[in-house]
Structures are given as structure tokens and as C-alpha cells.
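J.: Structure: start-v4.txt, compact mmCIF, C-alpha atoms.
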# COMPACT_ATOMS: atom_id res chain seq x y z
CA MET A 1 8.95 58.26 -37.21
CA ASN A 2 9.33 55.57 -34.58
CA LYS A 3 6.63 55.19 -32.03
CA SER A 4 5.85 52.95 -29.10
CA ILE A 5 2.77 52.19 -27.05
CA ILE A 6 3.09 51.79 -23.30
CA PHE A 7 0.12 50.11 -21.67
CA PHE A 8 -0.98 51.05 -18.16
CA THR A 9 -3.89 49.87 -16.03
CA PHE A 10 -5.98 52.35 -14.09
CA LEU A 11 -9.11 52.36 -11.98
CA VAL A 12 -12.29 54.00 -13.21
CA ALA A 13 -14.67 55.28 -10.58
CA GLY A 14 -18.30 55.28 -11.52
CA LEU A 15 -18.20 55.02 -15.31
CA GLY A 16 -21.69 54.58 -16.68
CA LEU A 17 -20.78 51.57 -18.82
CA LEU A 18 -18.31 50.02 -16.36
CA ARG A 19 -18.47 48.76 -12.83
CA ALA A 20 -16.88 51.08 -10.31
CA GLN A 21 -13.20 50.24 -9.72
CA GLU A 22 -13.09 47.90 -12.71
CA PRO A 23 -9.54 47.86 -14.17
CA VAL A 24 -9.38 49.24 -17.69
CA LYS A 25 -6.43 49.08 -20.03
CA THR A 26 -5.37 52.29 -21.67
CA SER A 27 -2.15 53.50 -23.24
CA ILE A 28 0.38 56.27 -23.53
CA LEU A 29 1.34 56.65 -27.18
CA LYS A 30 4.97 57.79 -27.37
CA MET A 31 5.98 59.45 -30.63
CA ASP A 32 9.21 61.08 -29.45
CA PRO A 33 11.73 60.38 -26.65
CA GLY A 34 10.95 63.83 -25.26
CA LEU A 35 7.79 62.35 -23.74
CA ASP A 36 9.92 60.38 -21.25
CA SER A 37 10.74 63.53 -19.28
CA ILE A 38 7.03 64.40 -19.04
CA ILE A 39 5.24 61.15 -18.18
CA PRO A 40 7.04 59.00 -15.60
CA GLU A 41 7.38 55.28 -16.09
CA GLY A 42 4.44 53.45 -14.52
CA ALA A 43 2.21 56.54 -14.38
CA LYS A 44 -1.43 55.63 -13.81
CA LEU A 45 -4.46 57.44 -15.11
CA GLU A 46 -7.17 57.45 -12.43
CA GLY A 47 -10.90 57.93 -12.80
CA ILE A 48 -11.85 59.95 -9.73
CA ALA A 49 -15.45 60.99 -10.44
CA GLY A 50 -17.82 59.53 -12.99
CA ASP A 51 -21.35 58.77 -14.08
CA LEU A 52 -21.88 62.45 -14.82
CA GLN A 53 -22.93 64.09 -18.13
CA PHE A 54 -20.62 66.42 -20.10
CA LEU A 55 -17.71 67.78 -18.08
CA GLU A 56 -15.69 70.86 -19.00
CA GLY A 57 -13.56 73.77 -17.86
CA PRO A 58 -11.67 72.48 -14.79
CA VAL A 59 -9.62 74.82 -12.61
CA TRP A 60 -7.68 74.17 -9.40
CA VAL A 61 -8.35 76.53 -6.48
CA ARG A 62 -5.74 76.69 -3.73
CA SER A 63 -7.23 76.66 -0.24
CA GLY A 64 -5.15 76.26 2.91
CA LYS A 65 -2.51 73.55 2.57
CA SER A 66 -4.35 71.88 -0.28
CA GLY A 67 -7.18 72.99 -2.51
CA TYR A 68 -10.02 71.72 -4.65
CA LEU A 69 -11.04 71.37 -8.27
CA LEU A 70 -13.98 73.16 -9.86
CA PHE A 71 -15.42 71.91 -13.15
CA SER A 72 -18.58 72.40 -15.19
CA ASP A 73 -21.21 69.73 -15.80
CA ILE A 74 -22.76 71.57 -18.72
CA PRO A 75 -26.10 69.78 -19.27
CA ALA A 76 -26.73 69.76 -15.51
CA ASN A 77 -26.20 73.55 -15.45
CA VAL A 78 -23.92 73.35 -12.42
CA ILE A 79 -20.31 73.91 -11.42
CA ARG A 80 -19.16 70.98 -9.31
CA LYS A 81 -16.48 70.90 -6.63
CA TRP A 82 -14.14 67.93 -6.11
CA THR A 83 -11.92 67.80 -3.03
CA PRO A 84 -8.93 65.47 -2.47
CA GLY A 85 -10.39 62.48 -0.69
CA GLY A 86 -13.08 62.15 -3.31
CA LYS A 87 -15.92 64.32 -2.05
CA LEU A 88 -18.08 65.73 -4.85
CA SER A 89 -20.48 68.61 -4.23
CA VAL A 90 -22.23 71.44 -6.08
CA TYR A 91 -20.37 74.75 -6.03
CA LEU A 92 -22.75 76.84 -8.17
CA ASN A 93 -26.32 76.12 -9.28
CA PRO A 94 -27.48 77.32 -11.73
CA SER A 95 -24.31 78.16 -13.59
CA GLY A 96 -24.45 78.98 -17.30
CA PHE A 97 -28.20 79.52 -17.68
CA THR A 98 -30.18 81.56 -15.16
CA GLY A 99 -33.41 81.95 -17.11
CA ALA A 100 -36.71 80.20 -16.56
CA ASP A 101 -36.97 77.99 -19.66
CA PRO A 102 -33.88 76.23 -21.05
CA SER A 103 -35.88 74.31 -23.67
CA GLN A 104 -34.51 76.45 -26.51
CA ASP A 105 -31.01 76.91 -25.14
CA GLY A 106 -27.87 74.86 -25.46
CA GLY A 107 -26.35 73.25 -28.52
CA GLU A 108 -27.36 69.62 -28.98
CA TYR A 109 -24.54 67.11 -28.55
CA ASP A 110 -24.46 63.32 -28.76
CA THR A 111 -22.07 62.00 -26.10
CA GLY A 112 -22.36 58.43 -27.30
CA HIS A 113 -24.53 57.69 -24.29
CA GLY A 114 -27.40 59.91 -25.40
CA LYS A 115 -28.08 63.48 -26.46
CA VAL A 116 -27.49 66.38 -24.09
CA TYR A 117 -27.96 70.15 -24.38
CA LEU A 118 -25.04 72.44 -23.59
CA PHE A 119 -26.64 75.42 -21.85
CA GLY A 120 -24.70 75.41 -18.58
CA SER A 121 -21.31 76.92 -17.78
CA ASN A 122 -18.27 75.95 -19.81
CA ALA A 123 -14.67 76.96 -19.04
CA ILE A 124 -13.75 78.30 -15.60
CA THR A 125 -10.73 80.31 -14.50
CA LEU A 126 -9.65 82.61 -11.66
CA ASP A 127 -8.80 86.29 -11.93
CA HIS A 128 -5.79 87.84 -10.22
CA GLN A 129 -7.83 88.37 -7.06
CA GLY A 130 -8.81 84.70 -6.92
CA ARG A 131 -12.41 85.24 -8.02
CA VAL A 132 -14.12 82.61 -10.16
CA VAL A 133 -14.75 83.70 -13.76
CA PHE A 134 -16.57 81.47 -16.22
CA CYS A 135 -18.20 81.24 -19.63
CA ALA A 136 -22.00 80.94 -19.55
CA HIS A 137 -23.41 79.16 -22.59
CA GLY A 138 -27.13 79.68 -22.06
CA ASP A 139 -26.83 83.26 -20.83
CA ARG A 140 -24.27 83.99 -23.57
CA ASP A 141 -21.90 85.97 -21.43
CA VAL A 142 -18.73 85.93 -19.32
CA VAL A 143 -19.44 86.06 -15.59
CA ARG A 144 -17.45 86.76 -12.43
CA VAL A 145 -18.56 85.41 -9.05
CA GLU A 146 -18.02 87.97 -6.28
CA PRO A 147 -16.98 87.02 -2.72
CA ASP A 148 -20.58 87.48 -1.55
CA GLY A 149 -21.85 85.12 -4.27
CA LYS A 150 -23.32 87.81 -6.51
CA ARG A 151 -22.59 87.66 -10.23
CA THR A 152 -21.03 90.39 -12.33
CA ILE A 153 -21.37 90.20 -16.11
CA LEU A 154 -18.00 91.09 -17.62
CA ALA A 155 -19.01 90.76 -21.28
CA ASP A 156 -22.26 89.95 -23.07
CA ARG A 157 -22.28 92.10 -26.20
CA TYR A 158 -19.93 93.26 -28.92
CA GLU A 159 -20.86 96.50 -30.67
CA GLY A 160 -24.39 96.14 -29.31
CA LYS A 161 -24.92 92.56 -30.51
CA ARG A 162 -25.20 89.58 -28.18
CA LEU A 163 -22.29 87.20 -28.04
CA ASN A 164 -22.77 83.69 -29.43
CA SER A 165 -21.82 81.47 -26.48
CA PRO A 166 -18.47 82.12 -24.77
CA ASN A 167 -16.50 78.89 -24.52
CA ASP A 168 -13.00 79.18 -23.05
CA LEU A 169 -10.99 81.93 -21.39
CA VAL A 170 -7.55 82.81 -20.05
CA TYR A 171 -5.99 85.75 -18.21
CA LYS A 172 -2.68 87.38 -19.13
CA SER A 173 -0.44 88.56 -16.30
CA ASP A 174 -1.35 92.21 -16.98
CA GLY A 175 -5.03 91.49 -16.30
CA ALA A 176 -6.17 91.20 -19.91
CA LEU A 177 -8.85 88.53 -20.35
CA TYR A 178 -9.10 86.60 -23.62
CA PHE A 179 -12.07 84.41 -24.50
CA THR A 180 -13.43 82.48 -27.47
CA ASP A 181 -17.01 82.82 -28.68
CA PRO A 182 -18.19 80.02 -31.01
CA THR A 183 -21.84 79.08 -31.56
CA GLY A 184 -21.76 75.72 -29.74
CA GLY A 185 -24.07 76.91 -26.98
CA LEU A 186 -26.86 77.91 -29.36
CA ARG A 187 -29.50 75.26 -30.04
CA GLY A 188 -29.33 75.89 -33.80
CA ARG A 189 -25.62 76.69 -33.76
CA ASP A 190 -24.67 78.62 -36.93
CA THR A 191 -28.28 78.79 -38.12
CA ASP A 192 -29.87 79.68 -34.79
CA PRO A 193 -32.37 82.53 -35.35
CA ARG A 194 -31.20 84.23 -32.15
CA ARG A 195 -27.65 84.53 -33.40
CA GLU A 196 -26.69 88.20 -33.78
CA LEU A 197 -23.02 88.07 -34.83
CA ASP A 198 -22.10 86.66 -38.22
CA PHE A 199 -18.68 85.40 -37.11
CA GLN A 200 -17.16 83.34 -34.30
CA GLY A 201 -14.57 85.51 -32.63
CA VAL A 202 -11.80 85.71 -30.08
CA TYR A 203 -12.03 88.72 -27.76
CA LEU A 204 -9.80 90.74 -25.47
CA LEU A 205 -11.31 92.40 -22.41
CA LYS A 206 -9.15 94.93 -20.60
CA ASP A 207 -9.95 98.05 -18.57
CA GLY A 208 -13.63 97.56 -19.32
CA LYS A 209 -13.12 97.65 -23.09
CA LEU A 210 -13.99 94.66 -25.29
CA ARG A 211 -11.97 94.24 -28.48
CA LEU A 212 -12.24 91.65 -31.24
CA VAL A 213 -8.76 90.24 -31.86
CA VAL A 214 -9.45 87.24 -34.16
CA LYS A 215 -12.47 86.62 -36.40
CA ASP A 216 -11.25 84.28 -39.15
CA LEU A 217 -11.38 80.92 -37.34
CA ALA A 218 -14.10 78.39 -38.12
CA VAL A 219 -14.76 77.50 -34.46
CA PRO A 220 -12.33 79.07 -31.95
CA ASN A 221 -12.15 76.98 -28.80
CA GLY A 222 -9.45 76.39 -26.18
CA LEU A 223 -6.65 78.87 -25.65
CA ALA A 224 -3.44 79.16 -23.62
CA PHE A 225 -0.38 81.40 -23.30
CA SER A 226 3.23 80.38 -23.72
CA PRO A 227 5.16 80.72 -20.42
CA ASP A 228 6.67 84.05 -21.53
CA GLU A 229 3.29 85.25 -22.90
CA LYS A 230 4.84 86.06 -26.28
CA TYR A 231 2.38 83.69 -27.96
CA LEU A 232 -1.28 82.81 -27.56
CA PHE A 233 -2.35 79.37 -28.81
CA ILE A 234 -5.96 78.96 -29.98
CA ASP A 235 -7.74 75.80 -31.11
CA ASN A 236 -9.62 75.87 -34.41
CA SER A 237 -11.77 72.84 -33.68
CA PRO A 238 -13.32 71.66 -37.00
CA LYS A 239 -10.02 72.24 -38.82
CA LYS A 240 -8.31 70.08 -36.16
CA THR A 241 -5.54 72.64 -35.80
CA ILE A 242 -3.84 74.67 -33.09
CA MET A 243 -3.08 78.23 -34.16
CA ARG A 244 -0.26 80.35 -32.72
CA TYR A 245 -0.47 84.15 -32.56
CA ASP A 246 2.10 86.77 -31.62
CA VAL A 247 0.99 88.87 -28.65
CA GLN A 248 1.65 92.55 -29.25
CA PRO A 249 2.58 95.14 -26.57
CA ASP A 250 -1.01 96.45 -26.63
CA ASP A 251 -2.29 92.85 -26.07
CA THR A 252 -3.70 92.47 -29.59
CA LEU A 253 -2.79 89.43 -31.69
CA SER A 254 -1.03 89.15 -35.04
CA ASN A 255 0.73 86.75 -37.40
CA GLY A 256 -1.54 83.75 -36.90
CA LYS A 257 0.05 80.48 -38.04
CA ILE A 258 -0.81 76.79 -37.80
CA PHE A 259 1.22 75.37 -34.92
CA ALA A 260 -0.09 71.79 -34.97
CA ASP A 261 -2.39 69.75 -37.22
CA MET A 262 -4.40 66.85 -35.75
CA SER A 263 -6.26 65.94 -38.93
CA GLY A 264 -4.39 62.64 -39.25
CA GLN A 265 -5.04 61.57 -35.66
CA LYS A 266 -7.24 58.61 -34.81
CA GLY A 267 -10.01 58.71 -32.23
CA GLY A 268 -13.04 60.80 -31.37
CA GLY A 269 -12.91 64.47 -30.57
CA ASN A 270 -11.49 67.71 -31.91
CA PRO A 271 -9.01 70.20 -30.42
CA ASP A 272 -10.82 71.58 -27.40
CA GLY A 273 -9.22 72.47 -24.06
CA MET A 274 -5.53 73.38 -23.84
CA LYS A 275 -2.90 73.96 -21.13
CA ILE A 276 0.88 74.51 -21.06
CA ASP A 277 3.60 73.41 -18.65
CA SER A 278 6.51 75.47 -17.33
CA GLN A 279 8.79 74.14 -20.08
CA GLY A 280 6.41 75.34 -22.79
CA ASN A 281 5.00 71.95 -23.78
CA ILE A 282 1.39 72.15 -25.02
CA TYR A 283 -1.30 69.71 -23.81
CA CYS A 284 -4.43 69.72 -25.94
CA THR A 285 -7.50 67.53 -25.76
CA GLY A 286 -8.27 66.12 -29.18
CA PRO A 287 -8.75 62.94 -31.22
CA GLY A 288 -8.30 59.96 -28.92
CA GLY A 289 -7.19 61.75 -25.77
CA VAL A 290 -4.68 64.44 -24.72
CA LEU A 291 -2.03 65.26 -27.33
CA ILE A 292 1.30 66.70 -26.20
CA TYR A 293 3.53 68.97 -28.32
CA SER A 294 6.94 70.50 -27.68
CA PRO A 295 7.29 74.32 -27.72
CA GLU A 296 8.50 73.98 -31.32
CA GLY A 297 5.41 72.03 -32.38
CA LYS A 298 6.92 68.53 -32.40
CA TYR A 299 4.30 65.89 -31.63
CA LEU A 300 5.59 64.04 -28.56
CA GLY A 301 2.72 61.66 -27.88
CA LYS A 302 -0.77 61.13 -26.57
CA ILE A 303 -2.48 60.19 -23.31
CA GLU A 304 -5.17 57.92 -24.72
CA THR A 305 -8.50 57.95 -22.87
CA PRO A 306 -11.57 55.68 -22.96
CA GLU A 307 -13.88 58.64 -23.74
CA VAL A 308 -13.74 61.86 -25.73
CA THR A 309 -11.78 64.46 -23.79
CA SER A 310 -12.93 68.05 -23.38
CA ASN A 311 -10.53 70.02 -21.18
CA LEU A 312 -7.79 69.83 -18.57
CA ALA A 313 -6.11 71.71 -15.71
CA TRP A 314 -3.06 71.54 -13.50
CA GLY A 315 -3.75 70.84 -9.84
CA ASP A 316 -2.34 69.78 -6.47
CA ASP A 317 1.31 70.94 -6.42
CA GLY A 318 1.24 71.63 -10.15
CA LYS A 319 2.36 68.20 -11.33
CA THR A 320 -1.08 66.59 -11.46
CA LEU A 321 -3.05 66.91 -14.69
CA TYR A 322 -6.83 66.77 -14.25
CA ILE A 323 -8.72 65.77 -17.40
CA THR A 324 -12.44 66.12 -18.09
CA THR A 325 -14.29 63.87 -20.53
CA HIS A 326 -17.99 63.73 -21.22
CA PRO A 327 -18.97 61.59 -18.21
CA THR A 328 -15.76 61.24 -16.16
CA LEU A 329 -13.07 63.21 -14.33
CA TYR A 330 -9.54 61.77 -14.49
CA ARG A 331 -6.13 62.67 -13.14
CA LEU A 332 -2.57 61.74 -14.05
CA ARG A 333 0.61 62.43 -12.12
CA LEU A 334 3.38 63.84 -14.32
CA SER A 335 7.06 64.75 -13.92
CA VAL A 336 6.83 68.37 -15.05
CA GLN A 337 5.46 71.49 -13.40
CA GLY A 338 2.37 72.94 -15.00
CA ILE A 339 1.43 76.60 -15.17
CA MET A 340 -1.19 77.00 -12.46
CA VAL A 341 -4.04 79.51 -12.57
CA SER A 342 -4.09 79.94 -8.79
CA LYS A 343 -0.86 80.99 -7.07
Would you mind giving the structure from this file in C-alpha cells?
T.:
Amino acid sequence: MNKSIIFFTFLVAGLGLLRAQEPVKTSILKMDPGLDSIIPEGAKLEGIAGDLQFLEGPVWVRSGKSGYLLFSDIPANVIRKWTPGGKLSVYLNPSGFTGADPSQDGGEYDTGHGKVYLFGSNAITLDHQGRVVFCAHGDRDVVRVEPDGKRTILADRYEGKRLNSPNDLVYKSDGALYFTDPTGGLRGRDTDPRRELDFQGVYLLKDGKLRLVVKDLAVPNGLAFSPDEKYLFIDNSPKKTIMRYDVQPDDTLSNGKIFADMSGQKGGGNPDGMKIDSQGNIYCTGPGGVLIYSPEGKYLGKIETPEVTSNLAWGDDGKTLYITTHPTLYRLRLSVQGIMVSK
């Protein structure tokens, strides 16, 4: 397979190891001509907020003529708010852990700049009423923020046993909520003595009923629907694969198959966050950056990043891709329309 590397220069704002606004060379790795219709010539990756800790779960919230981006800073136990123009503020504090002593909570992770503990919020989305819904690692539940600021726990137990640490989540158009529940938010992970479930599952929450829909993945992580919602894609992180499942009329999943395999990819990171554009192309954070696949599973190329990527979201008018890494928030203007969470 022929491939080409297109080098771009972008500005990084506030990277811990770099001076603010220092030009850094990065690249777009093109593996297929189909990438040309997605990433415009001369596109520039921008670092728009940095010097943070471990960023995750971004979501764009429409507000007035514009909007703002929410994202988790997991070790800081906050959800941050970024507005166009560069203002950064705290939207929710605390987020994923509301207890008194976090010393035993949060899976340990080495970012390359030091160890952090992942006990704050992780992925964030919006329900069909525009309310913020997020995964709480330390509290081990899925939470909705009401208009008055109060929190409603949507899910915290399965068959009487506490969840592991909900990680990522997505709504279907009929109101069904799907979320993954690996052990990454437990200090001891798989061997944590507080672990109550002996599997890492994918769940469906609808009409107040919680159902287990997948339980055979090593570490289920990011997930996203195809534009027609016939398929749900789920990352199996340690296997470096993206799985594809058929969505049944009752919202359960069947016929799981490997859609993409990243095991031969170079760079740090595993399949983590995932989003899809209106044409059905899949964007998944993984080894070396953001990997892009066609609806048929053809590997089109990669947005290479200086740091390990964690998640991503469509924002602005739907053609801007916001990317979270461990310490930095980036954005990249594309040619295609993404599937937005907020209408």
C-alpha cells in the first residue's frame, strides 16, 4: 500500500515541555486517497489549551450563535469549559469523585510527565434535553447534571453489584444510553479488592432499566454509532481493535466482529475515544494520534500528535475536530461534517 506523509506546522499553547506558541512539526499520515476529501490541504493542528493533566471526554455545547467545549481533567477532578476566544474556566468541581478521601480511588497512570490518579470524571455527553451526562470514575456511576445543578445518578449498580468505573457513553436517537465499564478508575484495577463485578461490560440504559449487552471484551472503552444507527462501534483497548456490533430493534447488540486492528500501528496509546462523521468515517484515538477509517474499515490515515491522545469531539459548525491528549487540548479544521451531540 502506498502512503505519504504531509508535514504541517502548528502552534502549541502552554505545553509543559514547550514554550507557549513554539512551532512544532507534526504530520498527517495518508494511507489512502480517500483522506484528501476529509483533511484539507494546509490544515493546521492547533494547541488551544495546555499545561493541564489528563484530559478526556470532550463535548461541544451549543449556546446562542456559538457554543463552548466541555472536557474532563481527570486527576484534577473537574470538568473544564473552553470558549472560543480561549477562555478556560471550571464548569463542575468536583466531578467524578464527590467523597472525602480520594487517596484510594482512581487508577494509577503514567502520563510520561509523572504519575496521576484517574478518579475524576471521564467521558461527557448531552442527553436529548441538552443536560450534561458524564461517567464518574471515583464514584463509579453515570451522572446527569440537572438545570439547577443537582446531580441525578442514572446507573451505579448492576444486579446489586457496584459498577467498576464507567468510562465512555453515547445516546441513541430513541433515548437509549450505552456506556462502557472497564476497571481503569479503580486503584488496583482488575485486582482491586473493592471490585464487585468479575467482568468489564457494556451496558444499555433505557426506561430506567439497565441491561448488560456485551461482556466478552478485555477492556471496553470508546463507542460510537454509525450514522444510520445500524451499528455500534466499541473499542477493545488492550487488543488494539475496534469491534462492530449489529444494533437490534430492541436496542440490544449482536454479531460482534473486528472492524479494525491497530496492533501494527506505531506510537503510544491504545484505542480510546471514538467519533464518526456524517459520511460514516470513523475517527479513533490510538497509537500515535487519531486514526481514520472508512465505513468499510479501510485505513485512510492518521492525524499524528505530539502526545498520547485520549478522546475527541466535533465542535463549532460541525467541521472542527477537538482532540484531547494527556496535557493538551487541540483542534483541527476538516472538510467533512461531523455528527454533533448537540443540535
J.: Extract, using all atoms listed in the file, all DNA, RNA and protein residues at most 9 Å from A:Leu197, discarding same-chain residues fewer than 5 positions from it, and format them as a list in words.
T.: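 Returned residues: Tyr158, Lys161, Arg162, Leu163 and Asn164 of chain A.
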J.: Create the file for the chosen residues now, containing C-alpha atoms and written as a PDB file, keeping the file's coordinate frame.
T.:
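Dumped to part.pdb:
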ATOM      1  CA  TYR A 158     -19.930  93.260 -28.920  1.00  0.00           C
ATOM      2  CA  LYS A 161     -24.920  92.560 -30.510  1.00  0.00           C
ATOM      3  CA  ARG A 162     -25.200  89.580 -28.180  1.00  0.00           C
ATOM      4  CA  LEU A 163     -22.290  87.200 -28.040  1.00  0.00           C
ATOM      5  CA  ASN A 164     -22.770  83.690 -29.430  1.00  0.00           C
TER       6      ASN A 164
END
J.: Name the residues within 7 Å of (-21.9, 74.5, -19.5), counting only C-alpha atoms in the file's coordinates, and put them as an MDAnalysis selection string.
T.: chainID A and resid 72:75 77 96 118:122 136:137
J.: To one decimal in Å, tell me the separation between atom CA of A:Thr320 and atom CA of A:Lys30.
T.: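 Atom CA of A:Lys30 lies 19.2 Å from atom CA of A:Thr320.
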J.: Could you build a table of the residues in stretch 223-302 of chain A lying no more than 12 Å from stretch 55-68 of chain A, giving for each the nearest pair of atoms and their separation in Å rounded to one decimal place, using only C-alpha atoms, ordered by chain and ascending residue number, as a tab-separated table?
T.:
residue	atom	partner	partner_atom	distance
A:Leu223	CA	A:Gly57	CA	11.6
A:Asp272	CA	A:Glu56	CA	9.7
A:Gly273	CA	A:Gly57	CA	7.7
A:Met274	CA	A:Gly57	CA	10.0
A:Lys275	CA	A:Val59	CA	10.9
A:Thr285	CA	A:Glu56	CA	11.1
J.: Would you give the centre and edge lengths, in Å to one decimal, of a box along x, y and z around the listed atoms of stretch 175-186 of chain A, with 3 Å added to each side, as lines of an AutoDock Vina configuration file?
T.:
center_x = -15.9
center_y = 83.6
center_z = -23.9
size_x = 27.8
size_y = 21.8
size_z = 21.3
J.: Which residue gives the smallest distance to A:Thr191 among A:Pro220, A:Phe134, A:Gly86, A:Gly107, with only C-alpha atoms counted?
T.: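 Using only C-alpha atoms, the shortest distance to A:Thr191 belongs to A:Gly107.
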J.: May I ask which of the residues A:Gly338, A:Asp181, A:Glu296, A:Pro33 is the closest one to A:Asp316, counting all atoms listed in the file?
T.: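 Counting all atoms listed in the file, the residue closest to A:Asp316 is A:Gly338.
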J.: Kindly indicate which residue among A:Tyr91, A:Leu334, A:Lys302, A:Leu210 lies nearest to A:Gly160, using all atoms listed in the file for the distances.
T.: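 Selected residue with least distance to A:Gly160: A:Leu210.
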